[in-house]
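Engineer: Below you'll find the structure I mean.
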Amino acid sequence: MSTTAPAQTPPSSELEIIGSPTALGWAQEWTASTIDNIDSHGGHRTALQQRLRAALDTDARVPYVTRRGDYLYNFWRDSEHPRGLWRRTRYESYCSESPEWEILLDVDALAAADGESWVWKGAHVREPEYDRALLRLSRGGSDATVIREFDITSCSFVEDRPFTLPEDKSDVSWESLDTLILGTNVGENSLTESGYPARVYRWHRGTDPREAELLFSGERSDIASGGWADRTPGFERVLIERRLDMFTAENYLLRGSEPVRIEVPVDCEIIVHRDQIFLLPRTDVYGVPAGGVGVADCESFMADPASTEVQVIFAPTEYQSLETLHFTRSYALIQVLENVTTTLYRVRLDAPEECVRVALPELASTSVVATAPLSEDPEIGEEVWLYSSSFTTPDRLLRADARDPESFSTVVKSAPEQFDASGMSTRQYWATSADGTKIPYFLTGRLHEDGASPTPKPCVVHAYGGFEISLLPYYSAVNGIAWLEKGHLLVQANLRGGSEFGPRWHSQATKLQRRKVFEDHQAVLNDLVERGITTREQLAVRGGSNGGLLAAVALTSYPERLGAVVSEVPLIDMLRYHTLLAGASWVAEYGHPDIPEERAVIESYSPLQRVVAAADKPYPPALITTSTRDDRVHPAHARWFAAALAAAGQPVDYVENSEGGHAGAADNDQIAWKQAIVFTWLEQQLAAASAEAQRCAD
């Protein structure tokens, strides 16, 4: 049973009140007790935390950039600036060993001056002028942000009739210097049931947003409605999206003040670029296969889509999945996954039939991070910035010229190794799920030779399985220092529910078919043990958000397969999830608890309702974490689960960070603190489980 839980647990209704002094006191007491218990077992949590913090703060990291005109912009955190610096430099300086950065905003100084715990959430810069920005600042890392207008030329906040919005989940876009396209809370019916904007407005400088011109109104049952201004010279326009659920939407083009529907199915994403419209459907439409890309003349398509030629420029194979579409001045870049490794195709916009595959690193994640399609300078307009890394290869920043497909391997900056990866490698294995589907997963660490019998080692499996989110290879100094460097193994599993193999990989595991995610998960766990890579006692699962739900389901549905479980910022009470914070927006993924057929499936796995007494079925140790400032997944999910496990006599520890939002941590210090807790806890629990298994065997 838990030895760290407080003696008294507040009632469930009290734990649901996020800022309740009673609930916060309970959470703080349990968090402190958990950390004390970890430290009492001879771990080196503090030393690990210090090393992780140094790795996260190192100046040797690659400063990723966004091109805006003549400048490269970057947001940077280090030990002296934990909240970060928004800064910029010129290309020539950036390529030097010691770039000269112009500081636009010091968030630490701003937080101190304002007496606020500001967390940077990004900037909407007016293009192509690059003179003003709408800054998003979050209190403690929550999704809701304060928006303040910033003058880039003077590096100061605008004082003359500035565009400012109070804390909310607002949506803003520049239409002109004195006009924004806006979605925010302006009173009754202006938000959806999920807490996002339901209406789109045109807001003029110096006026009250409550008096802004209404352009479009969705329904409160939608997820959100949002508008944005395309400011491409010669193609200025306003587009509106009515997001019906996570995977379907209606799209509109504003003609004057009249929204005109773009006639595509609601499960087809569209991108309007200059005089072309790109179709990215989830099911076949206009001759474009599901998961493919088609292009047509925009004006012709708006006038008569049925008679407009739609040219297919990408059709996926069984093992491919479309990731994203980026543009340079003259090209479209189609980013694709092939067996969960990145592939990139370059297509000429004026001759879409010319499609060229460019060479990228193998078994790595390589992503386009920035282009500048609005630039009329061909050197800048065709510039492509890419990020590349693998589980054992540090970050590399590449710069390419889209006109030259051989240039995509040009490295501009590389990060040094942050952990000892000598002897480490990554292999991709395939497990067989209950219905015969092959499920891929990556195994990283110091692995046995091919053909040799492996020596079982402690192994952590990270998985997600939802919302069309693909898990890709990436370099993590935290994972390397805290886990891999010690000789342990790390698995990243690509379960259905993600988008690793296209729309069907996701859709076949939603709502009534949700069990397939858990079957895939079990298949990977079984495969690892059957191959002799690890043992049940040395095997742990870890996941956050939807992945936290997955970990909690593993704990309550197939605990006999595991030695430990870490569930972070999780969904837990799936019978009530749709009533808490943004939960209503996830009904298309999980189903609706008020629909009997869907409720029956949800009840079959909802972790909170499946907790049983340790005397009836013992669970492996669990660590449950959350953030008080998480305004996406309600922290009550984690609180209720930890309390229920403790009441059932199951071994459970609990950590609640007062900041961090849905990420669980707001800055590098908090990241290092939390990760040191998790990995030290995991190492202790797996060692104890393995020792107990050996004692029983003897």
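Residues in the structure tokens are numbered from 1 in each chain, the chains being A, B, ... in the order shown, and ligands are numbered from 1 in the order shown.
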Give me, as an MDAnalysis selection string, the residues of region 278-408 of chain A that a backbone DSSP run labels strand (DSSP E or B).
Structural biologist: chainID A and resid 278:281 285 288 293:297 311:314 320:327 331:338 341:348 351:358 365:371 383:389 396:401
Engineer: Give me, as JSON, numbers by chain, all polymer residues having an atom no more than 10 Å from Val158 (chain A), counting only C-alpha atoms and skipping those fewer than 5 positions away in the same chain.
Structural biologist: {"A": [132, 133, 148, 149, 150, 151, 152, 163, 164]}
Engineer: Could you find all residues in region 471-549 of chain A that DSSP calls helix (DSSP H, G or I) from the backbone, and write them as an MDAnalysis selection string?
Structural biologist: chainID A and resid 477:482 484:486 503:507 511:513 515:530 536:538 546:549
Engineer: Save out the residues we just selected, N, CA, C and O atoms, as a compact mmCIF listing (two decimals), in the first residue's frame.
Structural biologist:
```txt
# COMPACT_ATOMS: atom_id res chain seq x y z
N ALA A 477 18.27 14.64 -24.19
CA ALA A 477 19.34 14.61 -23.19
C ALA A 477 18.81 14.08 -21.87
O ALA A 477 19.51 13.37 -21.14
N VAL A 478 17.55 14.38 -21.56
CA VAL A 478 16.95 13.91 -20.31
C VAL A 478 16.89 12.39 -20.30
O VAL A 478 17.33 11.74 -19.34
N ASN A 479 16.33 11.78 -21.35
CA ASN A 479 16.24 10.33 -21.40
C ASN A 479 17.62 9.68 -21.39
O ASN A 479 17.83 8.64 -20.76
N GLY A 480 18.55 10.30 -22.11
CA GLY A 480 19.89 9.74 -22.20
C GLY A 480 20.61 9.75 -20.87
O GLY A 480 21.19 8.74 -20.44
N ILE A 481 20.59 10.90 -20.20
CA ILE A 481 21.30 11.05 -18.92
C ILE A 481 20.64 10.22 -17.82
O ILE A 481 21.31 9.52 -17.05
N ALA A 482 19.33 10.31 -17.75
CA ALA A 482 18.62 9.73 -16.61
C ALA A 482 18.35 8.23 -16.77
O ALA A 482 18.11 7.55 -15.76
N LEU A 484 19.15 5.94 -20.33
CA LEU A 484 19.92 5.14 -21.28
C LEU A 484 21.38 5.00 -20.87
O LEU A 484 21.97 3.92 -21.00
N GLU A 485 21.98 6.06 -20.36
CA GLU A 485 23.39 6.06 -20.00
C GLU A 485 23.68 5.03 -18.89
O GLU A 485 24.82 4.56 -18.76
N LYS A 486 22.66 4.67 -18.13
CA LYS A 486 22.83 3.72 -17.03
C LYS A 486 22.72 2.27 -17.48
O LYS A 486 22.73 1.35 -16.65
N PRO A 503 -4.67 8.19 -42.08
CA PRO A 503 -5.92 8.41 -41.35
C PRO A 503 -6.52 7.14 -40.77
O PRO A 503 -7.09 7.15 -39.67
N ARG A 504 -6.42 6.01 -41.48
CA ARG A 504 -7.04 4.78 -40.99
C ARG A 504 -6.33 4.25 -39.75
O ARG A 504 -6.94 3.59 -38.91
N TRP A 505 -5.03 4.49 -39.64
CA TRP A 505 -4.29 4.06 -38.45
C TRP A 505 -4.90 4.70 -37.20
O TRP A 505 -4.90 4.12 -36.12
N HIS A 506 -5.44 5.90 -37.39
CA HIS A 506 -6.12 6.59 -36.29
C HIS A 506 -7.56 6.14 -36.16
O HIS A 506 -8.01 5.73 -35.08
N SER A 507 -8.31 6.18 -37.25
CA SER A 507 -9.76 6.00 -37.17
C SER A 507 -10.17 4.61 -36.72
O SER A 507 -11.24 4.43 -36.14
N LYS A 511 -13.38 5.70 -30.49
CA LYS A 511 -14.72 5.42 -29.98
C LYS A 511 -14.94 3.93 -29.68
O LYS A 511 -14.31 3.37 -28.79
N LEU A 512 -15.80 3.25 -30.46
CA LEU A 512 -16.16 1.87 -30.19
C LEU A 512 -14.99 0.91 -30.37
O LEU A 512 -15.03 -0.22 -29.87
N GLN A 513 -13.97 1.36 -31.07
CA GLN A 513 -12.80 0.51 -31.33
C GLN A 513 -11.61 0.89 -30.44
O GLN A 513 -10.48 0.50 -30.72
N ARG A 515 -10.52 -0.17 -27.76
CA ARG A 515 -9.80 -1.29 -27.16
C ARG A 515 -8.55 -1.66 -27.96
O ARG A 515 -7.60 -2.24 -27.41
N LYS A 516 -8.54 -1.32 -29.26
CA LYS A 516 -7.39 -1.69 -30.09
C LYS A 516 -6.11 -0.99 -29.62
O LYS A 516 -5.02 -1.54 -29.77
N VAL A 517 -6.25 0.22 -29.07
CA VAL A 517 -5.08 0.92 -28.54
C VAL A 517 -4.46 0.10 -27.42
O VAL A 517 -3.23 -0.09 -27.36
N PHE A 518 -5.30 -0.41 -26.54
CA PHE A 518 -4.81 -1.17 -25.39
C PHE A 518 -4.30 -2.55 -25.81
O PHE A 518 -3.34 -3.06 -25.22
N GLU A 519 -4.92 -3.13 -26.82
CA GLU A 519 -4.42 -4.40 -27.35
C GLU A 519 -3.05 -4.21 -28.00
O GLU A 519 -2.15 -5.05 -27.83
N ASP A 520 -2.88 -3.12 -28.73
CA ASP A 520 -1.57 -2.82 -29.33
C ASP A 520 -0.51 -2.65 -28.25
O ASP A 520 0.62 -3.12 -28.38
N HIS A 521 -0.89 -1.93 -27.19
CA HIS A 521 0.02 -1.68 -26.08
C HIS A 521 0.47 -3.00 -25.45
O HIS A 521 1.68 -3.23 -25.23
N GLN A 522 -0.49 -3.87 -25.17
CA GLN A 522 -0.17 -5.17 -24.59
C GLN A 522 0.70 -6.00 -25.52
O GLN A 522 1.60 -6.73 -25.06
N ALA A 523 0.45 -5.89 -26.82
CA ALA A 523 1.25 -6.66 -27.78
C ALA A 523 2.72 -6.25 -27.72
O ALA A 523 3.61 -7.11 -27.77
N VAL A 524 2.98 -4.96 -27.58
CA VAL A 524 4.36 -4.48 -27.48
C VAL A 524 5.00 -4.98 -26.18
O VAL A 524 6.14 -5.45 -26.16
N LEU A 525 4.26 -4.88 -25.07
CA LEU A 525 4.78 -5.34 -23.79
C LEU A 525 5.10 -6.83 -23.84
O LEU A 525 6.17 -7.28 -23.38
N ASN A 526 4.20 -7.62 -24.42
CA ASN A 526 4.42 -9.06 -24.54
C ASN A 526 5.63 -9.36 -25.41
O ASN A 526 6.44 -10.25 -25.10
N ASP A 527 5.75 -8.62 -26.52
CA ASP A 527 6.84 -8.87 -27.46
C ASP A 527 8.20 -8.63 -26.82
O ASP A 527 9.15 -9.39 -27.05
N LEU A 528 8.29 -7.59 -26.02
CA LEU A 528 9.55 -7.28 -25.34
C LEU A 528 9.98 -8.41 -24.40
O LEU A 528 11.16 -8.79 -24.34
N VAL A 529 9.01 -8.96 -23.68
CA VAL A 529 9.32 -10.04 -22.75
C VAL A 529 9.62 -11.33 -23.51
O VAL A 529 10.57 -12.06 -23.19
N GLU A 530 8.82 -11.63 -24.55
CA GLU A 530 9.02 -12.86 -25.31
C GLU A 530 10.37 -12.87 -26.03
O GLU A 530 10.98 -13.93 -26.20
N ARG A 536 8.97 -9.01 -16.96
CA ARG A 536 7.81 -8.27 -16.47
C ARG A 536 8.19 -7.35 -15.32
O ARG A 536 7.76 -6.20 -15.25
N GLU A 537 9.01 -7.85 -14.40
CA GLU A 537 9.38 -7.07 -13.22
C GLU A 537 10.24 -5.87 -13.58
O GLU A 537 10.28 -4.88 -12.84
N GLN A 538 10.95 -5.92 -14.72
CA GLN A 538 11.83 -4.82 -15.14
C GLN A 538 11.17 -3.89 -16.15
O GLN A 538 11.82 -2.99 -16.67
N ASN A 546 -3.28 11.87 -22.96
CA ASN A 546 -3.89 10.64 -23.47
C ASN A 546 -2.97 9.45 -23.20
O ASN A 546 -3.43 8.34 -22.92
N GLY A 547 -1.66 9.68 -23.26
CA GLY A 547 -0.71 8.64 -22.88
C GLY A 547 -0.77 8.32 -21.40
O GLY A 547 -0.48 7.20 -20.98
N GLY A 548 -1.15 9.32 -20.58
CA GLY A 548 -1.37 9.08 -19.16
C GLY A 548 -2.59 8.20 -18.93
O GLY A 548 -2.61 7.36 -18.02
N LEU A 549 -3.63 8.40 -19.76
CA LEU A 549 -4.78 7.51 -19.73
C LEU A 549 -4.35 6.09 -20.09
O LEU A 549 -4.74 5.11 -19.43
```
Engineer: Report, in Å with one decimal, the straight-line distance from CA of Val172 (chain A) to CA of Val293 (chain A).
Structural biologist: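 CA of Val293 (chain A) lies 27.9 Å from CA of Val172 (chain A).
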Engineer: CA of Val565 (chain A) and CA of Pro620 (chain A) are how many Å apart?
Structural biologist: 7.1 Å
Engineer: Would you kindly return, as number ranges by chain, each protein, DNA or RNA residue with an atom no farther than 10 Å from any atom of region 448-454 of chain A, considering only C-alpha atoms and excluding same-chain residues fewer than 3 positions away?
Structural biologist: A: 424-425, 445, 457, 531-534
Engineer: Give me a file of those residues, with N, CA and C atoms, as a PDB file, in the first residue's frame.
Structural biologist:
```pdb
ATOM      1  N   MET A 424      25.506   2.414 -28.105  1.00  0.00           N
ATOM      2  CA  MET A 424      24.048   2.443 -28.210  1.00  0.00           C
ATOM      3  C   MET A 424      23.606   2.393 -29.668  1.00  0.00           C
ATOM      4  N   SER A 425      22.443   1.829 -29.866  1.00  0.00           N
ATOM      5  CA  SER A 425      21.847   1.796 -31.196  1.00  0.00           C
ATOM      6  C   SER A 425      20.333   1.767 -31.052  1.00  0.00           C
ATOM      7  N   GLY A 445      19.154   1.623 -26.814  1.00  0.00           N
ATOM      8  CA  GLY A 445      20.031   1.364 -25.681  1.00  0.00           C
ATOM      9  C   GLY A 445      21.250   0.595 -26.140  1.00  0.00           C
ATOM     10  N   LYS A 457      16.972  -6.303 -19.358  1.00  0.00           N
ATOM     11  CA  LYS A 457      17.349  -5.065 -18.688  1.00  0.00           C
ATOM     12  C   LYS A 457      16.100  -4.265 -18.322  1.00  0.00           C
ATOM     13  N   ARG A 531      10.839 -11.707 -26.439  1.00  0.00           N
ATOM     14  CA  ARG A 531      12.152 -11.632 -27.094  1.00  0.00           C
ATOM     15  C   ARG A 531      13.297 -11.729 -26.082  1.00  0.00           C
ATOM     16  N   GLY A 532      12.977 -11.655 -24.791  1.00  0.00           N
ATOM     17  CA  GLY A 532      14.008 -11.703 -23.767  1.00  0.00           C
ATOM     18  C   GLY A 532      14.709 -10.384 -23.537  1.00  0.00           C
ATOM     19  N   ILE A 533      14.145  -9.312 -24.092  1.00  0.00           N
ATOM     20  CA  ILE A 533      14.751  -7.987 -23.955  1.00  0.00           C
ATOM     21  C   ILE A 533      14.625  -7.481 -22.527  1.00  0.00           C
ATOM     22  N   THR A 534      13.516  -7.816 -21.875  1.00  0.00           N
ATOM     23  CA  THR A 534      13.278  -7.409 -20.494  1.00  0.00           C
ATOM     24  C   THR A 534      12.412  -8.469 -19.831  1.00  0.00           C
TER      25      THR A 534
END
```
Engineer: Which residues, written as a compact mmCIF listing (two decimals) with C-alpha atoms, in the first residue's frame, have at least one atom at most 7 Å from Trp385 (chain A), with only C-alpha atoms counted and residues fewer than 2 positions away on the same chain left out?
Structural biologist:
```
# COMPACT_ATOMS: atom_id res chain seq x y z
CA VAL A 368 10.80 21.58 -41.73
CA VAL A 369 10.87 24.22 -39.00
CA ALA A 370 10.82 27.45 -41.01
CA THR A 371 10.35 28.87 -44.49
CA GLU A 383 15.22 29.07 -47.97
CA LEU A 398 19.95 22.07 -41.66
CA ARG A 399 19.52 24.85 -44.20
CA ALA A 400 18.50 24.11 -47.77
```
Engineer: Restricting the calculation to only C-alpha atoms: of A:Ile262, A:Met574, A:Ala614, A:Ala688, which residue gets closest to Glu589 (chain A)?
Structural biologist: A:Met574
Engineer: Where does region 371-455 of chain A meet region 352-357 of chain A within 12 Å, residue by residue, with the nearest atom pair and distance in Å to one decimal for each, counting only C-alpha atoms, listed by chain and rising number, as CSV?
Structural biologist:
```
residue,atom,partner,partner_atom,distance
A:Ala402,CA,A:Val356,CA,10.7
A:Arg403,CA,A:Val356,CA,10.8
A:Asp404,CA,A:Val356,CA,10.3
A:Pro405,CA,A:Val356,CA,7.5
A:Glu406,CA,A:Arg357,CA,9.9
A:Phe408,CA,A:Arg357,CA,10.6
```
Engineer: Need to verify the contact set: Thr9 (chain A), 9 Å, only C-alpha atoms, exclusion of same-chain residues closer than 2 positions in sequence. Can you return it as a PDB file with N, CA, C and O atoms, in the first residue's frame?
Structural biologist:
```pdb
ATOM      1  N   ALA A   5       0.890   8.608   1.112  1.00  0.00           N
ATOM      2  CA  ALA A   5      -0.369   9.354   1.036  1.00  0.00           C
ATOM      3  C   ALA A   5      -0.687  10.018   2.373  1.00  0.00           C
ATOM      4  O   ALA A   5      -0.419   9.460   3.436  1.00  0.00           O
ATOM      5  N   PRO A   6      -1.268  11.215   2.345  1.00  0.00           N
ATOM      6  CA  PRO A   6      -1.687  11.867   3.591  1.00  0.00           C
ATOM      7  C   PRO A   6      -2.705  11.018   4.343  1.00  0.00           C
ATOM      8  O   PRO A   6      -3.448  10.225   3.742  1.00  0.00           O
ATOM      9  N   ALA A   7      -2.742  11.179   5.639  1.00  0.00           N
ATOM     10  CA  ALA A   7      -3.654  10.390   6.466  1.00  0.00           C
ATOM     11  C   ALA A   7      -5.109  10.699   6.155  1.00  0.00           C
ATOM     12  O   ALA A   7      -5.972   9.822   6.220  1.00  0.00           O
ATOM     13  N   PRO A  11     -12.820  15.090   0.336  1.00  0.00           N
ATOM     14  CA  PRO A  11     -13.830  14.451  -0.524  1.00  0.00           C
ATOM     15  C   PRO A  11     -13.591  14.792  -1.995  1.00  0.00           C
ATOM     16  O   PRO A  11     -12.936  15.791  -2.321  1.00  0.00           O
ATOM     17  N   SER A  12     -14.128  13.966  -2.881  1.00  0.00           N
ATOM     18  CA  SER A  12     -13.931  14.151  -4.320  1.00  0.00           C
ATOM     19  C   SER A  12     -14.350  15.537  -4.788  1.00  0.00           C
ATOM     20  O   SER A  12     -13.705  16.140  -5.652  1.00  0.00           O
ATOM     21  N   LEU A  15     -11.580  17.931  -4.122  1.00  0.00           N
ATOM     22  CA  LEU A  15     -10.432  17.743  -5.015  1.00  0.00           C
ATOM     23  C   LEU A  15     -10.711  18.310  -6.412  1.00  0.00           C
ATOM     24  O   LEU A  15      -9.778  18.624  -7.148  1.00  0.00           O
ATOM     25  N   ALA A  23      -7.558  21.124  -0.926  1.00  0.00           N
ATOM     26  CA  ALA A  23      -7.011  20.242  -1.962  1.00  0.00           C
ATOM     27  C   ALA A  23      -5.544  20.544  -2.222  1.00  0.00           C
ATOM     28  O   ALA A  23      -4.724  19.625  -2.376  1.00  0.00           O
ATOM     29  N   TRP A  26      -3.421  19.195   0.629  1.00  0.00           N
ATOM     30  CA  TRP A  26      -3.323  17.733   0.480  1.00  0.00           C
ATOM     31  C   TRP A  26      -2.304  17.365  -0.597  1.00  0.00           C
ATOM     32  O   TRP A  26      -1.456  16.484  -0.397  1.00  0.00           O
ATOM     33  N   ALA A 643      -6.005   9.219  -5.085  1.00  0.00           N
ATOM     34  CA  ALA A 643      -6.773   8.985  -3.858  1.00  0.00           C
ATOM     35  C   ALA A 643      -7.448   7.617  -3.885  1.00  0.00           C
ATOM     36  O   ALA A 643      -7.480   6.898  -2.872  1.00  0.00           O
TER      37      ALA A 643
END
```
Engineer: Given only C-alpha atoms as the basis, pick out the residue of A:Phe501, A:Phe75, A:Trp640, A:Tyr558 nearest to Tyr619 (chain A).
Structural biologist: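 The closest residue to Tyr619 (chain A) is A:Tyr558.
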Engineer: Between CA of Pro162 (chain A) and CA of Asp106 (chain A), measure the distance and give it in Å to one decimal.
Structural biologist: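 So the answer is 19.8 Å.
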Engineer: If we count only C-alpha atoms, what is near region 492-500 of chain A at a cut-off of 9 Å, once residues fewer than 4 positions away on the same chain are taken out, given as a PyMOL selection string?
Structural biologist: chain A and resi 319-323+337-340+439-444+460-473+504-510+514+516-518+520-521+524+589
Engineer: Skipping near chain neighbours, those fewer than 5 positions away, what residues fall within 9 Å of Ala109 (chain A) using only C-alpha atoms, listed as a ChimeraX atom specification?
Structural biologist: /A:81,83,114
Engineer: Please identify every residue of region 544-624 of chain A that has at least one atom no farther than 8 Å from an atom of region 667-683 of chain A, counting only C-alpha atoms, and for each give the shortest atom pair and the distance in Å to one decimal, arranged by chain then increasing number, as a tab-separated table.
Structural biologist:
```
residue	atom	partner	partner_atom	distance
A:Ala564	CA	A:Leu682	CA	7.0
A:Val566	CA	A:Val678	CA	7.6
A:Leu623	CA	A:Val678	CA	7.8
```
Engineer: Produce a file of the selected residues containing C-alpha atoms, as a short mmCIF file (atom, residue, chain, number, x, y, z; two decimals), in the first residue's frame.
Structural biologist:
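File written: part-v2.cif
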```
data_model
loop_
_atom_site.label_atom_id
_atom_site.label_comp_id
_atom_site.auth_asym_id
_atom_site.auth_seq_id
_atom_site.Cartn_x
_atom_site.Cartn_y
_atom_site.Cartn_z
CA ALA A 564 5.84 0.04 -12.52
CA VAL A 566 4.01 6.49 -14.46
CA LEU A 623 3.45 7.42 -9.78
#
```
